[in-house]
file model-v1.pdb (PDB, C-alpha atoms, pLDDT in the B column)
ATOM      1  CA  MET A   1      98.174  94.195  97.155  1.00 95.00           C
ATOM      2  CA  THR A   2      98.830  90.469  96.840  1.00 97.00           C
ATOM      3  CA  LEU A   3      97.405  87.813  94.583  1.00 98.00           C
ATOM      4  CA  ALA A   4      97.756  84.220  95.758  1.00 98.00           C
ATOM      5  CA  ASN A   5      97.048  81.475  93.264  1.00 96.00           C
ATOM      6  CA  THR A   6      96.854  77.824  94.309  1.00 95.00           C
ATOM      7  CA  PRO A   7      95.215  74.821  92.667  1.00 94.00           C
ATOM      8  CA  GLU A   8      92.308  75.165  95.141  1.00 95.00           C
ATOM      9  CA  ARG A   9      91.688  78.934  95.190  1.00 96.00           C
ATOM     10  CA  VAL A  10      92.607  82.442  94.101  1.00 97.00           C
ATOM     11  CA  THR A  11      92.877  85.117  96.782  1.00 98.00           C
ATOM     12  CA  LEU A  12      93.249  88.859  96.229  1.00 97.00           C
ATOM     13  CA  THR A  13      94.208  90.928  99.275  1.00 98.00           C
ATOM     14  CA  ILE A  14      94.354  94.710  99.336  1.00 97.00           C
ATOM     15  CA  ALA A  15      95.473  96.386 102.567  1.00 97.00           C
ATOM     16  CA  ASP A  16      96.491  99.823 103.756  1.00 96.00           C
ATOM     17  CA  ASP A  17      97.552 101.451 106.990  1.00 95.00           C
ATOM     18  CA  GLY A  18      95.247 104.456 106.581  1.00 94.00           C
ATOM     19  CA  THR A  19      92.659 105.889 108.926  1.00 94.00           C
ATOM     20  CA  GLY A  20      90.313 102.884 108.668  1.00 92.00           C
ATOM     21  CA  PHE A  21      86.656 102.896 109.679  1.00 88.00           C
ATOM     22  CA  ASP A  22      84.237 101.060 111.953  1.00 86.00           C
ATOM     23  CA  ALA A  23      83.365  98.156 109.632  1.00 76.00           C
ATOM     24  CA  ALA A  24      80.696  96.773 111.978  1.00 75.00           C
ATOM     25  CA  ARG A  25      78.880 100.098 112.128  1.00 76.00           C
ATOM     26  CA  LEU A  26      79.125 100.844 108.409  1.00 69.00           C
ATOM     27  CA  GLY A  27      77.987  97.367 107.305  1.00 60.00           C
ATOM     28  CA  MET A  28      75.671  97.402 104.311  1.00 56.00           C
ATOM     29  CA  ALA A  29      75.017 101.151 104.633  1.00 67.00           C
ATOM     30  CA  SER A  30      77.817 101.867 102.171  1.00 81.00           C
ATOM     31  CA  TRP A  31      77.049 101.651  98.457  1.00 86.00           C
ATOM     32  CA  GLY A  32      80.720 100.977  97.727  1.00 87.00           C
ATOM     33  CA  ILE A  33      80.854  97.945 100.009  1.00 87.00           C
ATOM     34  CA  THR A  34      77.477  96.726  98.756  1.00 88.00           C
ATOM     35  CA  ILE A  35      78.662  96.899  95.130  1.00 92.00           C
ATOM     36  CA  MET A  36      81.964  95.149  95.938  1.00 92.00           C
ATOM     37  CA  ARG A  37      80.058  92.368  97.706  1.00 91.00           C
ATOM     38  CA  GLU A  38      77.603  91.976  94.805  1.00 94.00           C
ATOM     39  CA  ARG A  39      80.428  91.795  92.257  1.00 96.00           C
ATOM     40  CA  ALA A  40      82.293  89.200  94.321  1.00 96.00           C
ATOM     41  CA  GLU A  41      79.126  87.089  94.641  1.00 95.00           C
ATOM     42  CA  ALA A  42      78.483  87.379  90.892  1.00 96.00           C
ATOM     43  CA  ALA A  43      81.943  85.876  90.358  1.00 93.00           C
ATOM     44  CA  ARG A  44      81.177  83.147  92.957  1.00 94.00           C
ATOM     45  CA  ALA A  45      83.752  84.635  95.319  1.00 97.00           C
ATOM     46  CA  ALA A  46      83.655  85.664  98.966  1.00 96.00           C
ATOM     47  CA  LEU A  47      84.430  89.186 100.145  1.00 95.00           C
ATOM     48  CA  SER A  48      85.669  90.061 103.615  1.00 93.00           C
ATOM     49  CA  ILE A  49      86.533  93.493 104.947  1.00 92.00           C
ATOM     50  CA  GLU A  50      88.474  94.116 108.142  1.00 91.00           C
ATOM     51  CA  SER A  51      88.882  97.674 109.370  1.00 91.00           C
ATOM     52  CA  ALA A  52      88.966  99.720 112.539  1.00 89.00           C
ATOM     53  CA  PRO A  53      89.451 103.438 113.158  1.00 91.00           C
ATOM     54  CA  GLY A  54      93.156 104.249 113.169  1.00 93.00           C
ATOM     55  CA  ARG A  55      94.154 100.741 112.078  1.00 92.00           C
ATOM     56  CA  GLY A  56      93.759 100.713 108.294  1.00 94.00           C
ATOM     57  CA  THR A  57      91.677  98.427 106.124  1.00 93.00           C
ATOM     58  CA  ARG A  58      92.100  94.955 104.653  1.00 96.00           C
ATOM     59  CA  VAL A  59      89.871  93.719 101.802  1.00 95.00           C
ATOM     60  CA  VAL A  60      90.060  90.058 100.779  1.00 97.00           C
ATOM     61  CA  VAL A  61      88.315  88.434  97.817  1.00 98.00           C
ATOM     62  CA  GLU A  62      88.591  84.654  97.641  1.00 98.00           C
ATOM     63  CA  ALA A  63      87.375  82.415  94.840  1.00 97.00           C
ATOM     64  CA  ILE A  64      87.359  78.640  95.108  1.00 94.00           C
ATOM     65  CA  ARG A  65      88.474  76.942  91.917  1.00 92.00           C
ATOM     66  CA  GLU A  66      85.937  74.613  90.404  1.00 84.00           C
ATOM     67  CA  ALA A  67      87.023  71.238  89.048  1.00 73.00           C
ATOM     68  CA  ALA A  68      87.406  71.303  85.281  1.00 64.00           C
TER      69      ALA A  68
END
call {"tool": "encode", "arguments": {"input": "model-v1.pdb", "output": "structure tokens"}}
result
Amino acid sequence: MTLANTPERVTLTIADDGTGFDAARLGMASWGITIMRERAEAARAALSIESAPGRGTRVVVEAIREAA
């Protein structure tokens, strides 16, 4: 897990080298992914998920900082 913090954005990345899954096939059919996406959007952030069978999973949440 990494948390990158710059003046323009905050990015949280969580990755593993586990069994992974077919992200394109699963899509919005997963309640867990749907809830993560909804929570990211509620915080005005973007969620991306990269995964493939046998290649692990990488979840990235990125929020753009708003001018104060």
call {"tool": "atom_distance", "arguments": {"input": "model-v1.pdb", "atom1": "atom CA of A:Gly54", "atom2": "atom CA of A:Thr2"}}
result
22.1 Å
call {"tool": "atom_distance", "arguments": {"input": "model-v1.pdb", "atom1": "atom CA of A:Gly56", "atom2": "atom CA of A:Leu3"}}
result
19.2 Å
call {"tool": "residues_near_point", "arguments": {"input": "model-v1.pdb", "point": "(83.5, 97.4, 98.4)", "cutoff": "12 Å", "atoms": "all atoms listed in the file", "output": "compact mmCIF listing (two decimals) with C-alpha atoms, in the frame of the given file"}}
result
# COMPACT_ATOMS: atom_id res chain seq x y z
CA ILE A 14 94.35 94.71 99.34
CA ALA A 23 83.36 98.16 109.63
CA LEU A 26 79.12 100.84 108.41
CA GLY A 27 77.99 97.37 107.30
CA MET A 28 75.67 97.40 104.31
CA ALA A 29 75.02 101.15 104.63
CA SER A 30 77.82 101.87 102.17
CA TRP A 31 77.05 101.65 98.46
CA GLY A 32 80.72 100.98 97.73
CA ILE A 33 80.85 97.94 100.01
CA THR A 34 77.48 96.73 98.76
CA ILE A 35 78.66 96.90 95.13
CA MET A 36 81.96 95.15 95.94
CA ARG A 37 80.06 92.37 97.71
CA GLU A 38 77.60 91.98 94.80
CA ARG A 39 80.43 91.80 92.26
CA ALA A 40 82.29 89.20 94.32
CA GLU A 41 79.13 87.09 94.64
CA ALA A 46 83.66 85.66 98.97
CA LEU A 47 84.43 89.19 100.14
CA SER A 48 85.67 90.06 103.62
CA ILE A 49 86.53 93.49 104.95
CA GLU A 50 88.47 94.12 108.14
CA THR A 57 91.68 98.43 106.12
CA ARG A 58 92.10 94.96 104.65
CA VAL A 59 89.87 93.72 101.80
CA VAL A 60 90.06 90.06 100.78
CA VAL A 61 88.32 88.43 97.82
call {"tool": "resolve_selection", "arguments": {"input": "model-v1.pdb", "expression": "the PyMOL selection byres ((chain A and resi 20) around 7)", "output": "PyMOL selection string"}}
result
chain A and resi 18-19+21+51-57
call {"tool": "write_last_selection", "arguments": {"input": "model-v1.pdb", "atoms": "C-alpha atoms", "output": "JSON list (two decimals), keeping the file's coordinate frame"}}
result
[["chain", "number", "residue", "atom", "x", "y", "z"],
["A", 18, "GLY", "CA", 95.25, 104.46, 106.58],
["A", 19, "THR", "CA", 92.66, 105.89, 108.93],
["A", 21, "PHE", "CA", 86.66, 102.90, 109.68],
["A", 51, "SER", "CA", 88.88, 97.67, 109.37],
["A", 52, "ALA", "CA", 88.97, 99.72, 112.54],
["A", 53, "PRO", "CA", 89.45, 103.44, 113.16],
["A", 54, "GLY", "CA", 93.16, 104.25, 113.17],
["A", 55, "ARG", "CA", 94.15, 100.74, 112.08],
["A", 56, "GLY", "CA", 93.76, 100.71, 108.29],
["A", 57, "THR", "CA", 91.68, 98.43, 106.12]]
call {"tool": "atom_distance", "arguments": {"input": "model-v1.pdb", "atom1": "atom CA of A:Ile64", "atom2": "atom CA of A:Met1"}}
result
19.1 Å
call {"tool": "axis_aligned_box", "arguments": {"input": "model-v1.pdb", "around": "stretch 5-12 of chain A", "padding_each_side": "8 Å", "output": "lines of an AutoDock Vina configuration file"}}
result
center_x = 94.4
center_y = 81.8
center_z = 94.7
size_x = 21.4
size_y = 30.0
size_z = 20.1
call {"tool": "resolve_selection", "arguments": {"input": "model-v1.pdb", "expression": "the PyMOL selection byres ((chain A and resi 11) around 7)", "output": "PyMOL selection string"}}
result
chain A and resi 3-5+9-10+12-13+60-63
call {"tool": "write_last_selection", "arguments": {"input": "model-v1.pdb", "atoms": "C-alpha atoms", "output": "CSV table (one decimal), keeping the file's coordinate frame"}}
result
chain,number,residue,atom,x,y,z
A,3,LEU,CA,97.4,87.8,94.6
A,4,ALA,CA,97.8,84.2,95.8
A,5,ASN,CA,97.0,81.5,93.3
A,9,ARG,CA,91.7,78.9,95.2
A,10,VAL,CA,92.6,82.4,94.1
A,12,LEU,CA,93.2,88.9,96.2
A,13,THR,CA,94.2,90.9,99.3
A,60,VAL,CA,90.1,90.1,100.8
A,61,VAL,CA,88.3,88.4,97.8
A,62,GLU,CA,88.6,84.7,97.6
A,63,ALA,CA,87.4,82.4,94.8
call {"tool": "decode", "arguments": {"input": "model-v1.pdb", "residues": "chain A", "atoms": "C-alpha atoms", "output": "PDB file, in the first residue's frame"}}
result
ATOM      1  CA  MET A   1       0.000   0.000   0.000  1.00  0.00           C
ATOM      2  CA  THR A   2       1.273   3.467  -0.877  1.00  0.00           C
ATOM      3  CA  LEU A   3      -0.122   6.917  -0.293  1.00  0.00           C
ATOM      4  CA  ALA A   4       1.206   9.685  -2.526  1.00  0.00           C
ATOM      5  CA  ASN A   5       0.452  13.252  -1.546  1.00  0.00           C
ATOM      6  CA  THR A   6       1.242  16.170  -3.852  1.00  0.00           C
ATOM      7  CA  PRO A   7      -0.135  19.704  -4.000  1.00  0.00           C
ATOM      8  CA  GLU A   8      -2.345  18.626  -6.941  1.00  0.00           C
ATOM      9  CA  ARG A   9      -3.657  15.224  -5.803  1.00  0.00           C
ATOM     10  CA  VAL A  10      -3.742  12.395  -3.288  1.00  0.00           C
ATOM     11  CA  THR A  11      -3.342   8.851  -4.592  1.00  0.00           C
ATOM     12  CA  LEU A  12      -3.858   5.636  -2.630  1.00  0.00           C
ATOM     13  CA  THR A  13      -2.596   2.441  -4.266  1.00  0.00           C
ATOM     14  CA  ILE A  14      -3.181  -1.041  -2.899  1.00  0.00           C
ATOM     15  CA  ALA A  15      -1.644  -3.965  -4.791  1.00  0.00           C
ATOM     16  CA  ASP A  16      -1.055  -7.660  -4.276  1.00  0.00           C
ATOM     17  CA  ASP A  17       0.438 -10.539  -6.206  1.00  0.00           C
ATOM     18  CA  GLY A  18      -2.438 -12.921  -5.458  1.00  0.00           C
ATOM     19  CA  THR A  19      -4.590 -14.965  -7.792  1.00  0.00           C
ATOM     20  CA  GLY A  20      -6.292 -11.932  -9.374  1.00  0.00           C
ATOM     21  CA  PHE A  21      -9.511 -12.054 -11.377  1.00  0.00           C
ATOM     22  CA  ASP A  22     -10.881 -11.104 -14.786  1.00  0.00           C
ATOM     23  CA  ALA A  23     -11.718  -7.449 -14.066  1.00  0.00           C
ATOM     24  CA  ALA A  24     -13.396  -6.921 -17.450  1.00  0.00           C
ATOM     25  CA  ARG A  25     -15.731  -9.862 -16.928  1.00  0.00           C
ATOM     26  CA  LEU A  26     -16.570  -9.057 -13.309  1.00  0.00           C
ATOM     27  CA  GLY A  27     -17.245  -5.350 -13.950  1.00  0.00           C
ATOM     28  CA  MET A  28     -20.193  -3.981 -12.011  1.00  0.00           C
ATOM     29  CA  ALA A  29     -21.467  -7.473 -11.130  1.00  0.00           C
ATOM     30  CA  SER A  30     -19.563  -7.356  -7.848  1.00  0.00           C
ATOM     31  CA  TRP A  31     -21.173  -5.594  -4.893  1.00  0.00           C
ATOM     32  CA  GLY A  32     -17.741  -4.985  -3.373  1.00  0.00           C
ATOM     33  CA  ILE A  33     -16.453  -3.157  -6.443  1.00  0.00           C
ATOM     34  CA  THR A  34     -19.730  -1.265  -6.816  1.00  0.00           C
ATOM     35  CA  ILE A  35     -19.542  -0.051  -3.200  1.00  0.00           C
ATOM     36  CA  MET A  36     -15.866   0.946  -3.538  1.00  0.00           C
ATOM     37  CA  ARG A  37     -16.690   2.919  -6.688  1.00  0.00           C
ATOM     38  CA  GLU A  38     -19.664   4.650  -5.028  1.00  0.00           C
ATOM     39  CA  ARG A  39     -17.583   5.616  -1.988  1.00  0.00           C
ATOM     40  CA  ALA A  40     -14.793   6.992  -4.178  1.00  0.00           C
ATOM     41  CA  GLU A  41     -17.305   9.044  -6.195  1.00  0.00           C
ATOM     42  CA  ALA A  42     -18.905  10.349  -2.987  1.00  0.00           C
ATOM     43  CA  ALA A  43     -15.461  11.652  -2.007  1.00  0.00           C
ATOM     44  CA  ARG A  44     -15.007  13.149  -5.519  1.00  0.00           C
ATOM     45  CA  ALA A  45     -12.269  10.627  -6.269  1.00  0.00           C
ATOM     46  CA  ALA A  46     -11.654   8.222  -9.134  1.00  0.00           C
ATOM     47  CA  LEU A  47     -11.315   4.473  -8.654  1.00  0.00           C
ATOM     48  CA  SER A  48      -9.447   2.171 -11.010  1.00  0.00           C
ATOM     49  CA  ILE A  49      -8.967  -1.565 -10.671  1.00  0.00           C
ATOM     50  CA  GLU A  50      -6.452  -3.583 -12.662  1.00  0.00           C
ATOM     51  CA  SER A  51      -6.456  -7.354 -12.325  1.00  0.00           C
ATOM     52  CA  ALA A  52      -5.987 -10.507 -14.342  1.00  0.00           C
ATOM     53  CA  PRO A  53      -6.101 -14.184 -13.388  1.00  0.00           C
ATOM     54  CA  GLY A  54      -2.742 -15.229 -11.970  1.00  0.00           C
ATOM     55  CA  ARG A  55      -1.380 -11.674 -11.979  1.00  0.00           C
ATOM     56  CA  GLY A  56      -2.692 -10.084  -8.781  1.00  0.00           C
ATOM     57  CA  THR A  57      -4.759  -6.954  -8.339  1.00  0.00           C
ATOM     58  CA  ARG A  58      -4.044  -3.231  -8.178  1.00  0.00           C
ATOM     59  CA  VAL A  59      -6.627  -0.770  -6.800  1.00  0.00           C
ATOM     60  CA  VAL A  60      -5.986   2.963  -7.174  1.00  0.00           C
ATOM     61  CA  VAL A  61      -8.061   5.783  -5.692  1.00  0.00           C
ATOM     62  CA  GLU A  62      -7.104   9.275  -6.826  1.00  0.00           C
ATOM     63  CA  ALA A  63      -8.517  12.547  -5.548  1.00  0.00           C
ATOM     64  CA  ILE A  64      -7.727  15.878  -7.161  1.00  0.00           C
ATOM     65  CA  ARG A  65      -7.131  18.625  -4.630  1.00  0.00           C
ATOM     66  CA  GLU A  66      -9.458  21.566  -4.921  1.00  0.00           C
ATOM     67  CA  ALA A  67      -8.106  25.100  -4.623  1.00  0.00           C
ATOM     68  CA  ALA A  68      -8.692  26.534  -1.168  1.00  0.00           C
TER      69      ALA A  68
END
